[in-house]
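Inspection log for the structure reproduced underneath, given as structure tokens.
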Amino acid sequence: MPYMDDSDVGILEEPKSCLDNPEGLTPRWWFGGVASSMVASVVAPIDILKTHMQTQHHRRNMFNTARKIIRIRGFVGFYDGFSAAVLRQMTCTNIRFSVYETFRQAKIVQDNSYLGKLTLGLLAGACGSICGIPADLVNVRMQTDMKYPPQKRRNYKHVIDALVRIPREEGFFALYKGGSVALLKASVGTCSQIASYDIIKTEMRKRLDMNDQWPLHFLSSLVTSVSSSILTHPLDVLKTVMMNAMPGEMISLSQAARHMMRFGLIGPFRGLLPTMVRKGPATILLFVLYEQLRLHFGKCTLGGEKKKLK
């Protein structure tokens with residue numbers, strides 16, 4: 001509240017506090033990677049179910065797929081490829097959040113420009129994907145390796161072993177197999193996730209008069225999770241098919257598309273149920289954690305100078 005200065009000349013106005021106005025808090029560059037890695041540790045079992053359903057040759061439901069994983073690898077099999085998943089989150093996802101927030105804070109995109117936010121989401125997704133494709137490819141291969149006969153398995157020990165062996169055995173560009181689809185998926189995914197969350201959050205604040213606290217974050221991320229899952233799933237299936245292929249297989253997008261459609265019109269949405277089960281809670285948890293990191297550890301951008309009232 002206002003107070004008198006030492007010389008008793010006029011009244012000084014207290015600077016705005018980020019405690020009173022959390023909108024003044026902005027995220028730090030590492031928040032996206034940390035929040036998404038925490039989420040990955042929770043949803044890894046559902047993620048591997050989704051990947052197995054997308055690459056199976058015979059139709060099998062989610063529960064039968066889970067039983068097969070347990071029979072082959074035990075419960076530890078649900079965390080195959082987890083090291084690659086964490087590397088992907090700390091590269092691809094972290095860069096997506098960082099690029100989007102950097103441009104938003106630079107006021108290159110205005111708060112009321114929804115087209116600008118969607119375009120920025122496409123750009124951020126593309127930037128993150130370029131860095132995260134190798135880790136994404138390793139993650140898919142490590143998750144599905146158990147499906148092959150012992151003599152055909154790749155048997156990567158961990159993500160570093162895979163990143164060394166793939167260029168040596170298949171050439172450097174094998175790390176980017178399925179990269180075009182992964183790039184498109186990441187762009188659309190960031191557009192339908194981070195940008196959509198930003199837009200939905202802005203609209204909910206405006207129309208429902210909600211404060212910048214967890215109920216707003218929860219509702220915004222819930223709506224975002226549904227739209228994002230449906231929009232990006234066909235691209236996720238294509239990406240998984242191409243990345244999981246053996247050398248010489250699925251060398252073109254058309255081949256992968258034909259393979260995806262082997263089950264008919266349901267083909268692009270194979271594994272959608274585990275995706276929804278995974279992505280719904282994952283998206284909510286991601287944005288709630290991200291926002292909590294911002295509220296507790298973010299940078300305060302509000303001015304600190306006290307202005308004298310006349």
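Ordering of the structure tokens sets the chain letters (A, B, ...); residue numbers start at 1 within each chain; ligands are numbered from 1 in the order shown.
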
Inset, instruction - Would you mind writing down, as a PyMOL selection string, each residue of stretch 20-240 of chain A that DSSP on the backbone assigns to helix (DSSP H, G or I)? - result: chain A and resi 22-24+31-55+62-73+75-79+82-105+114-147+150-152+159-170+172-176+179-208+214-240

Inset, instruction - Might you pull out every residue within 9 Å of A:Phe82, with only C-alpha atoms counted and same-chain residues fewer than 4 positions away left off, and present them as an NGL selection string? - result: :A and (40-41 or 44 or 78 or 86-87 or 139 or 142-143 or 158-159)

Legend entry - Nearest-residue call for A:Ser36, choices A:Gly248, A:Gln292, A:Phe287, A:Thr232, using only C-alpha atoms: A:Phe287

Each residue of stretch 87-163 of chain A with at least one atom at most 12 Å from stretch 45-64 of chain A should appear once, together with its nearest atom pair and the corresponding distance in Å (one decimal); atoms considered: only C-alpha atoms; ordering: chain, then increasing residue number; output as CSV.
residue,atom,partner,partner_atom,distance
A:Asp136,CA,A:Thr51,CA,11.7
A:Leu137,CA,A:Thr51,CA,11.7
A:Asn139,CA,A:Ile48,CA,9.4
A:Val140,CA,A:Thr51,CA,7.1
A:Arg141,CA,A:Thr51,CA,9.6
A:Met142,CA,A:Ile48,CA,9.6
A:Gln143,CA,A:Ile48,CA,6.0
A:Thr144,CA,A:His52,CA,6.4
A:Asp145,CA,A:His52,CA,9.9
A:Met146,CA,A:His52,CA,9.9
A:Lys147,CA,A:His52,CA,8.4
A:Tyr148,CA,A:Gln56,CA,11.0

Write to file, as a short mmCIF file (atom, residue, chain, number, x, y, z; two decimals), in the first residue's frame, the residues of the selection just made, with all heavy atoms.
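Result file is result-v5.cif:
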data_model
loop_
_atom_site.label_atom_id
_atom_site.label_comp_id
_atom_site.auth_asym_id
_atom_site.auth_seq_id
_atom_site.Cartn_x
_atom_site.Cartn_y
_atom_site.Cartn_z
N ASP A 136 13.76 -39.73 -31.03
CA ASP A 136 12.43 -40.28 -31.27
C ASP A 136 12.54 -41.62 -31.99
O ASP A 136 11.85 -42.60 -31.65
CB ASP A 136 11.62 -39.29 -32.11
CG ASP A 136 10.12 -39.56 -32.06
OD1 ASP A 136 9.70 -40.43 -31.26
OD2 ASP A 136 9.37 -38.89 -32.78
N LEU A 137 13.41 -41.70 -33.00
CA LEU A 137 13.62 -42.93 -33.74
C LEU A 137 14.15 -44.04 -32.83
O LEU A 137 13.68 -45.18 -32.88
CB LEU A 137 14.58 -42.68 -34.90
CG LEU A 137 14.93 -43.89 -35.77
CD1 LEU A 137 14.92 -43.51 -37.25
CD2 LEU A 137 16.31 -44.46 -35.41
N ASN A 139 13.79 -44.26 -29.63
CA ASN A 139 12.72 -44.62 -28.70
C ASN A 139 11.78 -45.64 -29.33
O ASN A 139 11.44 -46.65 -28.70
CB ASN A 139 11.96 -43.36 -28.31
CG ASN A 139 10.89 -43.63 -27.26
OD1 ASN A 139 11.06 -44.46 -26.38
ND2 ASN A 139 9.80 -42.90 -27.35
N VAL A 140 11.35 -45.39 -30.57
CA VAL A 140 10.44 -46.32 -31.26
C VAL A 140 11.10 -47.69 -31.43
O VAL A 140 10.48 -48.73 -31.17
CB VAL A 140 10.04 -45.74 -32.63
CG1 VAL A 140 9.33 -46.80 -33.48
CG2 VAL A 140 9.14 -44.53 -32.46
N ARG A 141 12.36 -47.72 -31.85
CA ARG A 141 13.04 -48.99 -32.09
C ARG A 141 13.25 -49.78 -30.80
O ARG A 141 13.08 -51.01 -30.78
CB ARG A 141 14.39 -48.74 -32.77
CG ARG A 141 14.25 -48.27 -34.21
CD ARG A 141 15.59 -48.22 -34.90
NE ARG A 141 15.46 -47.92 -36.33
CZ ARG A 141 16.46 -47.97 -37.19
NH1 ARG A 141 17.67 -48.33 -36.78
NH2 ARG A 141 16.26 -47.69 -38.46
N MET A 142 13.60 -49.10 -29.72
CA MET A 142 13.83 -49.80 -28.46
C MET A 142 12.51 -50.32 -27.88
O MET A 142 12.48 -51.37 -27.24
CB MET A 142 14.53 -48.87 -27.47
CG MET A 142 15.96 -48.54 -27.84
SD MET A 142 16.79 -47.44 -26.66
CE MET A 142 17.03 -48.55 -25.27
N GLN A 143 11.43 -49.60 -28.12
CA GLN A 143 10.13 -50.04 -27.62
C GLN A 143 9.64 -51.30 -28.34
O GLN A 143 8.97 -52.14 -27.74
CB GLN A 143 9.10 -48.93 -27.79
CG GLN A 143 9.24 -47.78 -26.80
CD GLN A 143 8.18 -46.73 -27.02
OE1 GLN A 143 7.63 -46.58 -28.11
NE2 GLN A 143 7.88 -45.97 -25.97
N THR A 144 9.95 -51.41 -29.62
CA THR A 144 9.40 -52.51 -30.43
C THR A 144 10.37 -53.66 -30.64
O THR A 144 10.02 -54.66 -31.28
CB THR A 144 8.95 -51.99 -31.81
OG1 THR A 144 10.08 -51.38 -32.47
CG2 THR A 144 7.85 -50.95 -31.66
N ASP A 145 11.58 -53.57 -30.14
CA ASP A 145 12.61 -54.58 -30.41
C ASP A 145 12.18 -55.96 -29.92
O ASP A 145 12.51 -56.98 -30.53
CB ASP A 145 13.93 -54.17 -29.75
CG ASP A 145 15.13 -54.76 -30.47
OD1 ASP A 145 15.07 -54.87 -31.71
OD2 ASP A 145 16.11 -55.11 -29.79
N MET A 146 11.43 -56.01 -28.83
CA MET A 146 11.02 -57.28 -28.25
C MET A 146 10.09 -58.07 -29.17
O MET A 146 9.91 -59.28 -29.00
CB MET A 146 10.32 -57.04 -26.90
CG MET A 146 8.97 -56.36 -27.04
SD MET A 146 8.12 -56.14 -25.45
CE MET A 146 8.93 -54.69 -24.81
N LYS A 147 9.48 -57.40 -30.15
CA LYS A 147 8.52 -58.07 -31.03
C LYS A 147 9.20 -58.99 -32.05
O LYS A 147 8.55 -59.88 -32.61
CB LYS A 147 7.70 -57.02 -31.79
CG LYS A 147 6.84 -56.15 -30.91
CD LYS A 147 6.15 -55.06 -31.71
CE LYS A 147 5.21 -55.63 -32.73
NZ LYS A 147 4.47 -54.58 -33.47
N TYR A 148 10.49 -58.79 -32.28
CA TYR A 148 11.18 -59.55 -33.32
C TYR A 148 11.79 -60.83 -32.74
O TYR A 148 12.08 -60.91 -31.54
CB TYR A 148 12.28 -58.69 -33.94
CG TYR A 148 11.75 -57.49 -34.69
CD1 TYR A 148 11.81 -56.21 -34.13
CD2 TYR A 148 11.18 -57.62 -35.94
CE1 TYR A 148 11.32 -55.10 -34.81
CE2 TYR A 148 10.69 -56.53 -36.64
CZ TYR A 148 10.76 -55.27 -36.06
OH TYR A 148 10.27 -54.18 -36.73
#

At a cut-off of 9 Å, using only C-alpha atoms, what residues contact A:Leu286? Leave out same-chain residues fewer than 3 positions from it and give the result as a PDB file with C-alpha atoms, in the first residue's frame.
ATOM      1  CA  GLY A  32       9.357 -27.558 -20.839  1.00  0.00           C
ATOM      2  CA  ALA A  35       7.926 -31.002 -17.021  1.00  0.00           C
ATOM      3  CA  SER A  36       7.694 -33.304 -20.071  1.00  0.00           C
ATOM      4  CA  MET A  38       8.349 -36.009 -15.454  1.00  0.00           C
ATOM      5  CA  VAL A  39       5.251 -36.791 -17.494  1.00  0.00           C
ATOM      6  CA  SER A 221      -5.196 -28.478 -20.998  1.00  0.00           C
ATOM      7  CA  PRO A 281      -3.630 -37.165 -18.615  1.00  0.00           C
ATOM      8  CA  ALA A 282      -0.160 -36.467 -20.065  1.00  0.00           C
ATOM      9  CA  THR A 283      -1.209 -33.153 -21.645  1.00  0.00           C
ATOM     10  CA  LEU A 289       3.443 -28.881 -14.038  1.00  0.00           C
ATOM     11  CA  TYR A 290       4.767 -26.327 -16.542  1.00  0.00           C
ATOM     12  CA  GLU A 291       2.514 -23.610 -15.128  1.00  0.00           C
TER      13      GLU A 291
END

Inset, instruction - For A:Trp29, please output as an NGL selection string all residues within 9 Å (counting only C-alpha atoms; exclusion window: fewer than 4 positions along the same chain). - result: :A and (33 or 94-95 or 97-99 or 101-102)

For the selection you just gave me, I'd like the residues written to a file as an mmCIF file, in the first residue's frame, keeping N, CA, C and O atoms.
data_model
loop_
_atom_site.group_PDB
_atom_site.id
_atom_site.type_symbol
_atom_site.label_atom_id
_atom_site.label_comp_id
_atom_site.auth_asym_id
_atom_site.auth_seq_id
_atom_site.Cartn_x
_atom_site.Cartn_y
_atom_site.Cartn_z
ATOM 1 N N GLY A 33 11.300 -29.036 -20.827
ATOM 2 C CA GLY A 33 11.980 -30.329 -20.800
ATOM 3 C C GLY A 33 11.793 -31.061 -19.494
ATOM 4 O O GLY A 33 11.554 -32.277 -19.469
ATOM 5 N N ASN A 94 11.614 -29.561 -25.150
ATOM 6 C CA ASN A 94 12.168 -28.369 -24.497
ATOM 7 C C ASN A 94 12.367 -27.235 -25.495
ATOM 8 O O ASN A 94 12.054 -26.072 -25.209
ATOM 9 N N ILE A 95 12.859 -27.558 -26.689
ATOM 10 C CA ILE A 95 13.073 -26.533 -27.718
ATOM 11 C C ILE A 95 11.739 -25.968 -28.201
ATOM 12 O O ILE A 95 11.610 -24.762 -28.442
ATOM 13 N N PHE A 97 8.924 -25.582 -26.522
ATOM 14 C CA PHE A 97 8.449 -24.622 -25.525
ATOM 15 C C PHE A 97 9.309 -23.359 -25.529
ATOM 16 O O PHE A 97 8.790 -22.243 -25.456
ATOM 17 N N SER A 98 10.630 -23.545 -25.600
ATOM 18 C CA SER A 98 11.552 -22.399 -25.534
ATOM 19 C C SER A 98 11.361 -21.451 -26.704
ATOM 20 O O SER A 98 11.307 -20.229 -26.526
ATOM 21 N N VAL A 99 11.269 -21.999 -27.923
ATOM 22 C CA VAL A 99 11.087 -21.158 -29.110
ATOM 23 C C VAL A 99 9.761 -20.419 -29.036
ATOM 24 O O VAL A 99 9.689 -19.203 -29.290
ATOM 25 N N GLU A 101 7.889 -19.638 -26.383
ATOM 26 C CA GLU A 101 7.863 -18.628 -25.326
ATOM 27 C C GLU A 101 8.779 -17.447 -25.638
ATOM 28 O O GLU A 101 8.460 -16.304 -25.301
ATOM 29 N N THR A 102 9.919 -17.724 -26.280
ATOM 30 C CA THR A 102 10.846 -16.638 -26.624
ATOM 31 C C THR A 102 10.198 -15.639 -27.571
ATOM 32 O O THR A 102 10.282 -14.416 -27.370
#

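Between atom CA of A:Thr91 and atom CA of A:Ser227 the separation is 24.1 Å.
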
Legend entry - A:Asn211 environment, 12 Å, only C-alpha atoms, sequence neighbours closer than 6 positions dropped, as a list of chain:residue names: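 Final neighbour list, sorted by chain and number: A:Asp20, A:Asn21, A:Pro22, A:Glu23, A:Lys201, A:Thr202, A:Met204, A:Arg205, A:His217.
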
Could you take the residues named above and write them with N, CA and C atoms, as a PDB file, in the first residue's frame?
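File produced: result.pdb:
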ATOM      1  N   ASP A  20       1.084 -10.791  -6.478  1.00  0.00           N
ATOM      2  CA  ASP A  20      -0.284 -10.326  -6.685  1.00  0.00           C
ATOM      3  C   ASP A  20      -0.722 -10.472  -8.136  1.00  0.00           C
ATOM      4  N   ASN A  21       0.238 -10.498  -9.045  1.00  0.00           N
ATOM      5  CA  ASN A  21      -0.084 -10.573 -10.465  1.00  0.00           C
ATOM      6  C   ASN A  21       0.783 -11.640 -11.133  1.00  0.00           C
ATOM      7  N   PRO A  22       0.376 -12.941 -11.033  1.00  0.00           N
ATOM      8  CA  PRO A  22       1.204 -14.028 -11.570  1.00  0.00           C
ATOM      9  C   PRO A  22       1.421 -13.974 -13.070  1.00  0.00           C
ATOM     10  N   GLU A  23       0.635 -13.150 -13.768  1.00  0.00           N
ATOM     11  CA  GLU A  23       0.852 -13.011 -15.212  1.00  0.00           C
ATOM     12  C   GLU A  23       2.228 -12.430 -15.518  1.00  0.00           C
ATOM     13  N   LYS A 201      -6.598 -20.988 -23.190  1.00  0.00           N
ATOM     14  CA  LYS A 201      -6.392 -20.357 -21.878  1.00  0.00           C
ATOM     15  C   LYS A 201      -6.781 -18.885 -21.923  1.00  0.00           C
ATOM     16  N   THR A 202      -6.378 -18.184 -22.983  1.00  0.00           N
ATOM     17  CA  THR A 202      -6.726 -16.763 -23.127  1.00  0.00           C
ATOM     18  C   THR A 202      -8.234 -16.571 -23.188  1.00  0.00           C
ATOM     19  N   MET A 204     -10.619 -18.651 -22.093  1.00  0.00           N
ATOM     20  CA  MET A 204     -11.262 -19.016 -20.825  1.00  0.00           C
ATOM     21  C   MET A 204     -11.092 -17.920 -19.781  1.00  0.00           C
ATOM     22  N   ARG A 205      -9.930 -17.312 -19.770  1.00  0.00           N
ATOM     23  CA  ARG A 205      -9.708 -16.213 -18.824  1.00  0.00           C
ATOM     24  C   ARG A 205     -10.639 -15.052 -19.129  1.00  0.00           C
ATOM     25  N   HIS A 217      -5.588 -23.747 -15.686  1.00  0.00           N
ATOM     26  CA  HIS A 217      -4.610 -24.570 -16.395  1.00  0.00           C
ATOM     27  C   HIS A 217      -5.179 -25.961 -16.673  1.00  0.00           C
TER      28      HIS A 217
END

Leaving out A:Ala186 and any residue of its chain fewer than 4 positions from it, which residues lie within 12 Å of it when counting only C-alpha atoms, given as a PDB file with N, CA and C atoms, in the first residue's frame?
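As written to disk, out.pdb reads:
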ATOM      1  N   ARG A  88      14.561 -37.289 -25.780  1.00  0.00           N
ATOM      2  CA  ARG A  88      13.653 -36.616 -26.710  1.00  0.00           C
ATOM      3  C   ARG A  88      12.942 -35.451 -26.023  1.00  0.00           C
ATOM      4  N   CYS A  92      13.663 -32.171 -28.098  1.00  0.00           N
ATOM      5  CA  CYS A  92      12.532 -31.767 -28.929  1.00  0.00           C
ATOM      6  C   CYS A  92      11.503 -30.930 -28.169  1.00  0.00           C
ATOM      7  N   THR A  93      10.967 -31.481 -27.080  1.00  0.00           N
ATOM      8  CA  THR A  93       9.902 -30.775 -26.359  1.00  0.00           C
ATOM      9  C   THR A  93      10.411 -29.500 -25.714  1.00  0.00           C
ATOM     10  N   ILE A  95      12.859 -27.558 -26.689  1.00  0.00           N
ATOM     11  CA  ILE A  95      13.073 -26.533 -27.718  1.00  0.00           C
ATOM     12  C   ILE A  95      11.739 -25.968 -28.201  1.00  0.00           C
ATOM     13  N   ARG A  96      10.726 -26.824 -28.343  1.00  0.00           N
ATOM     14  CA  ARG A  96       9.408 -26.349 -28.758  1.00  0.00           C
ATOM     15  C   ARG A  96       8.875 -25.293 -27.805  1.00  0.00           C
ATOM     16  N   PHE A  97       8.924 -25.582 -26.522  1.00  0.00           N
ATOM     17  CA  PHE A  97       8.449 -24.622 -25.525  1.00  0.00           C
ATOM     18  C   PHE A  97       9.309 -23.359 -25.529  1.00  0.00           C
ATOM     19  N   GLY A 121       3.387 -21.757 -33.429  1.00  0.00           N
ATOM     20  CA  GLY A 121       3.402 -23.153 -33.002  1.00  0.00           C
ATOM     21  C   GLY A 121       3.998 -24.067 -34.055  1.00  0.00           C
ATOM     22  N   LEU A 122       3.663 -23.830 -35.322  1.00  0.00           N
ATOM     23  CA  LEU A 122       4.235 -24.620 -36.417  1.00  0.00           C
ATOM     24  C   LEU A 122       5.752 -24.457 -36.473  1.00  0.00           C
ATOM     25  N   LEU A 123       6.215 -23.219 -36.326  1.00  0.00           N
ATOM     26  CA  LEU A 123       7.653 -22.942 -36.363  1.00  0.00           C
ATOM     27  C   LEU A 123       8.372 -23.595 -35.185  1.00  0.00           C
ATOM     28  N   ALA A 124       7.821 -23.457 -33.987  1.00  0.00           N
ATOM     29  CA  ALA A 124       8.437 -24.032 -32.791  1.00  0.00           C
ATOM     30  C   ALA A 124       8.511 -25.551 -32.894  1.00  0.00           C
ATOM     31  N   GLY A 125       7.437 -26.161 -33.421  1.00  0.00           N
ATOM     32  CA  GLY A 125       7.427 -27.610 -33.580  1.00  0.00           C
ATOM     33  C   GLY A 125       8.488 -28.090 -34.554  1.00  0.00           C
ATOM     34  N   ALA A 126       8.654 -27.362 -35.641  1.00  0.00           N
ATOM     35  CA  ALA A 126       9.667 -27.732 -36.633  1.00  0.00           C
ATOM     36  C   ALA A 126      11.077 -27.631 -36.037  1.00  0.00           C
ATOM     37  N   CYS A 127      11.345 -26.573 -35.294  1.00  0.00           N
ATOM     38  CA  CYS A 127      12.667 -26.394 -34.664  1.00  0.00           C
ATOM     39  C   CYS A 127      12.969 -27.524 -33.684  1.00  0.00           C
ATOM     40  N   GLY A 128      11.991 -27.875 -32.866  1.00  0.00           N
ATOM     41  CA  GLY A 128      12.200 -28.938 -31.893  1.00  0.00           C
ATOM     42  C   GLY A 128      12.367 -30.295 -32.549  1.00  0.00           C
ATOM     43  N   SER A 129      11.606 -30.541 -33.594  1.00  0.00           N
ATOM     44  CA  SER A 129      11.638 -31.844 -34.249  1.00  0.00           C
ATOM     45  C   SER A 129      12.987 -32.121 -34.889  1.00  0.00           C
ATOM     46  N   ILE A 130      13.590 -31.115 -35.503  1.00  0.00           N
ATOM     47  CA  ILE A 130      14.884 -31.305 -36.165  1.00  0.00           C
ATOM     48  C   ILE A 130      15.924 -31.850 -35.185  1.00  0.00           C
ATOM     49  N   CYS A 131      15.880 -31.362 -33.953  1.00  0.00           N
ATOM     50  CA  CYS A 131      16.835 -31.814 -32.932  1.00  0.00           C
ATOM     51  C   CYS A 131      16.403 -33.116 -32.267  1.00  0.00           C
ATOM     52  N   GLY A 132      15.108 -33.396 -32.249  1.00  0.00           N
ATOM     53  CA  GLY A 132      14.610 -34.546 -31.498  1.00  0.00           C
ATOM     54  C   GLY A 132      14.339 -35.802 -32.301  1.00  0.00           C
ATOM     55  N   ILE A 133      14.424 -35.746 -33.647  1.00  0.00           N
ATOM     56  CA  ILE A 133      14.104 -36.912 -34.467  1.00  0.00           C
ATOM     57  C   ILE A 133      14.977 -38.128 -34.138  1.00  0.00           C
ATOM     58  N   ASP A 136      13.761 -39.725 -31.025  1.00  0.00           N
ATOM     59  CA  ASP A 136      12.431 -40.283 -31.274  1.00  0.00           C
ATOM     60  C   ASP A 136      12.540 -41.624 -31.991  1.00  0.00           C
ATOM     61  N   GLY A 179      11.802 -38.838 -40.858  1.00  0.00           N
ATOM     62  CA  GLY A 179      11.946 -37.474 -40.339  1.00  0.00           C
ATOM     63  C   GLY A 179      10.949 -36.491 -40.922  1.00  0.00           C
ATOM     64  N   SER A 180      10.586 -36.686 -42.207  1.00  0.00           N
ATOM     65  CA  SER A 180       9.645 -35.746 -42.823  1.00  0.00           C
ATOM     66  C   SER A 180       8.287 -35.805 -42.132  1.00  0.00           C
ATOM     67  N   VAL A 181       7.844 -37.028 -41.812  1.00  0.00           N
ATOM     68  CA  VAL A 181       6.567 -37.178 -41.117  1.00  0.00           C
ATOM     69  C   VAL A 181       6.685 -36.691 -39.677  1.00  0.00           C
ATOM     70  N   ALA A 182       7.821 -36.995 -39.041  1.00  0.00           N
ATOM     71  CA  ALA A 182       8.032 -36.543 -37.663  1.00  0.00           C
ATOM     72  C   ALA A 182       8.042 -35.021 -37.588  1.00  0.00           C
ATOM     73  N   THR A 190       2.632 -29.205 -32.092  1.00  0.00           N
ATOM     74  CA  THR A 190       2.892 -27.994 -31.311  1.00  0.00           C
ATOM     75  C   THR A 190       1.810 -26.957 -31.564  1.00  0.00           C
ATOM     76  N   CYS A 191       1.382 -26.889 -32.811  1.00  0.00           N
ATOM     77  CA  CYS A 191       0.307 -25.967 -33.170  1.00  0.00           C
ATOM     78  C   CYS A 191      -0.987 -26.333 -32.437  1.00  0.00           C
ATOM     79  N   SER A 192      -1.283 -27.651 -32.393  1.00  0.00           N
ATOM     80  CA  SER A 192      -2.532 -28.097 -31.774  1.00  0.00           C
ATOM     81  C   SER A 192      -2.404 -28.283 -30.269  1.00  0.00           C
ATOM     82  N   GLN A 193      -1.190 -28.176 -29.749  1.00  0.00           N
ATOM     83  CA  GLN A 193      -1.008 -28.368 -28.313  1.00  0.00           C
ATOM     84  C   GLN A 193      -0.606 -27.065 -27.624  1.00  0.00           C
ATOM     85  N   ILE A 194       0.626 -26.594 -27.835  1.00  0.00           N
ATOM     86  CA  ILE A 194       1.096 -25.407 -27.129  1.00  0.00           C
ATOM     87  C   ILE A 194       0.335 -24.164 -27.570  1.00  0.00           C
ATOM     88  N   SER A 228      -5.799 -32.195 -29.761  1.00  0.00           N
ATOM     89  CA  SER A 228      -4.449 -32.522 -30.203  1.00  0.00           C
ATOM     90  C   SER A 228      -4.299 -34.002 -30.530  1.00  0.00           C
ATOM     91  N   LEU A 231      -6.058 -34.854 -33.966  1.00  0.00           N
ATOM     92  CA  LEU A 231      -5.432 -34.225 -35.132  1.00  0.00           C
ATOM     93  C   LEU A 231      -4.102 -34.870 -35.508  1.00  0.00           C
ATOM     94  N   THR A 232      -3.324 -35.253 -34.516  1.00  0.00           N
ATOM     95  CA  THR A 232      -1.955 -35.702 -34.793  1.00  0.00           C
ATOM     96  C   THR A 232      -1.805 -37.218 -34.892  1.00  0.00           C
ATOM     97  N   HIS A 233      -2.840 -37.987 -34.518  1.00  0.00           N
ATOM     98  CA  HIS A 233      -2.660 -39.447 -34.445  1.00  0.00           C
ATOM     99  C   HIS A 233      -2.312 -40.095 -35.788  1.00  0.00           C
ATOM    100  N   LEU A 235      -0.646 -38.955 -38.257  1.00  0.00           N
ATOM    101  CA  LEU A 235       0.763 -38.657 -38.539  1.00  0.00           C
ATOM    102  C   LEU A 235       1.677 -39.448 -37.617  1.00  0.00           C
ATOM    103  N   ASP A 236       1.235 -39.682 -36.385  1.00  0.00           N
ATOM    104  CA  ASP A 236       2.015 -40.464 -35.435  1.00  0.00           C
ATOM    105  C   ASP A 236       2.127 -41.914 -35.903  1.00  0.00           C
ATOM    106  N   LYS A 239       4.637 -41.996 -38.809  1.00  0.00           N
ATOM    107  CA  LYS A 239       6.000 -41.815 -38.288  1.00  0.00           C
ATOM    108  C   LYS A 239       6.512 -43.101 -37.647  1.00  0.00           C
TER     109      LYS A 239
END

Inset, instruction - Please indicate the distance in Å from atom CA of A:Lys177 to atom CA of A:Ala245, rounded to one decimal place. - result: 9.0 Å

Legend entry - Residue contacts of A:Leu253 (9 Å, only C-alpha atoms) excluding same-chain residues fewer than 3 positions away, as a PyMOL selection string: chain A and resi 178+180-181+238+242+250+256-258

The selected residues should be written to file as an mmCIF file, in the first residue's frame (atoms: all heavy atoms).
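result.cif was written with the following content:
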data_model
loop_
_atom_site.group_PDB
_atom_site.id
_atom_site.type_symbol
_atom_site.label_atom_id
_atom_site.label_comp_id
_atom_site.auth_asym_id
_atom_site.auth_seq_id
_atom_site.Cartn_x
_atom_site.Cartn_y
_atom_site.Cartn_z
ATOM 1 N N GLY A 178 12.043 -41.408 -41.524
ATOM 2 C CA GLY A 178 10.717 -40.976 -41.090
ATOM 3 C C GLY A 178 10.709 -39.548 -40.596
ATOM 4 O O GLY A 178 9.725 -39.074 -40.024
ATOM 5 N N SER A 180 10.586 -36.686 -42.207
ATOM 6 C CA SER A 180 9.645 -35.746 -42.823
ATOM 7 C C SER A 180 8.287 -35.805 -42.132
ATOM 8 O O SER A 180 7.661 -34.773 -41.860
ATOM 9 C CB SER A 180 9.490 -36.055 -44.314
ATOM 10 O OG SER A 180 9.045 -37.392 -44.508
ATOM 11 N N VAL A 181 7.844 -37.028 -41.812
ATOM 12 C CA VAL A 181 6.567 -37.178 -41.117
ATOM 13 C C VAL A 181 6.685 -36.691 -39.677
ATOM 14 O O VAL A 181 5.775 -36.053 -39.144
ATOM 15 C CB VAL A 181 6.096 -38.647 -41.149
ATOM 16 C CG1 VAL A 181 4.747 -38.787 -40.453
ATOM 17 C CG2 VAL A 181 6.000 -39.143 -42.581
ATOM 18 N N LEU A 238 2.010 -42.973 -39.079
ATOM 19 C CA LEU A 238 2.936 -42.971 -40.207
ATOM 20 C C LEU A 238 4.388 -42.892 -39.740
ATOM 21 O O LEU A 238 5.255 -43.620 -40.217
ATOM 22 C CB LEU A 238 2.634 -41.780 -41.120
ATOM 23 C CG LEU A 238 1.657 -41.987 -42.283
ATOM 24 C CD1 LEU A 238 1.485 -40.675 -43.034
ATOM 25 C CD2 LEU A 238 2.129 -43.081 -43.221
ATOM 26 N N MET A 242 7.397 -45.849 -40.279
ATOM 27 C CA MET A 242 8.634 -45.580 -41.016
ATOM 28 C C MET A 242 9.866 -45.736 -40.137
ATOM 29 O O MET A 242 10.891 -46.274 -40.561
ATOM 30 C CB MET A 242 8.586 -44.169 -41.613
ATOM 31 C CG MET A 242 7.520 -44.003 -42.691
ATOM 32 S SD MET A 242 7.551 -42.385 -43.500
ATOM 33 C CE MET A 242 9.017 -42.545 -44.528
ATOM 34 N N MET A 250 9.942 -49.498 -46.201
ATOM 35 C CA MET A 250 9.241 -48.227 -46.003
ATOM 36 C C MET A 250 10.123 -47.035 -46.395
ATOM 37 O O MET A 250 10.292 -46.090 -45.623
ATOM 38 C CB MET A 250 8.774 -48.072 -44.547
ATOM 39 C CG MET A 250 7.959 -49.222 -44.027
ATOM 40 S SD MET A 250 6.448 -49.474 -44.985
ATOM 41 C CE MET A 250 5.926 -51.066 -44.349
ATOM 42 N N ALA A 256 4.656 -46.335 -46.691
ATOM 43 C CA ALA A 256 4.221 -46.312 -45.299
ATOM 44 C C ALA A 256 2.717 -46.073 -45.202
ATOM 45 O O ALA A 256 2.036 -46.669 -44.364
ATOM 46 C CB ALA A 256 4.981 -45.227 -44.535
ATOM 47 N N ALA A 257 2.201 -45.207 -46.069
ATOM 48 C CA ALA A 257 0.768 -44.918 -46.061
ATOM 49 C C ALA A 257 -0.039 -46.154 -46.439
ATOM 50 O O ALA A 257 -1.076 -46.446 -45.829
ATOM 51 C CB ALA A 257 0.465 -43.770 -47.017
ATOM 52 N N ARG A 258 0.445 -46.910 -47.446
ATOM 53 C CA ARG A 258 -0.253 -48.141 -47.845
ATOM 54 C C ARG A 258 -0.234 -49.162 -46.718
ATOM 55 O O ARG A 258 -1.224 -49.851 -46.467
ATOM 56 C CB ARG A 258 0.379 -48.731 -49.116
ATOM 57 C CG ARG A 258 0.016 -47.979 -50.382
ATOM 58 C CD ARG A 258 0.351 -48.822 -51.611
ATOM 59 N NE ARG A 258 1.781 -49.084 -51.719
ATOM 60 C CZ ARG A 258 2.649 -48.297 -52.349
ATOM 61 N NH1 ARG A 258 2.230 -47.169 -52.910
ATOM 62 N NH2 ARG A 258 3.918 -48.618 -52.414
#
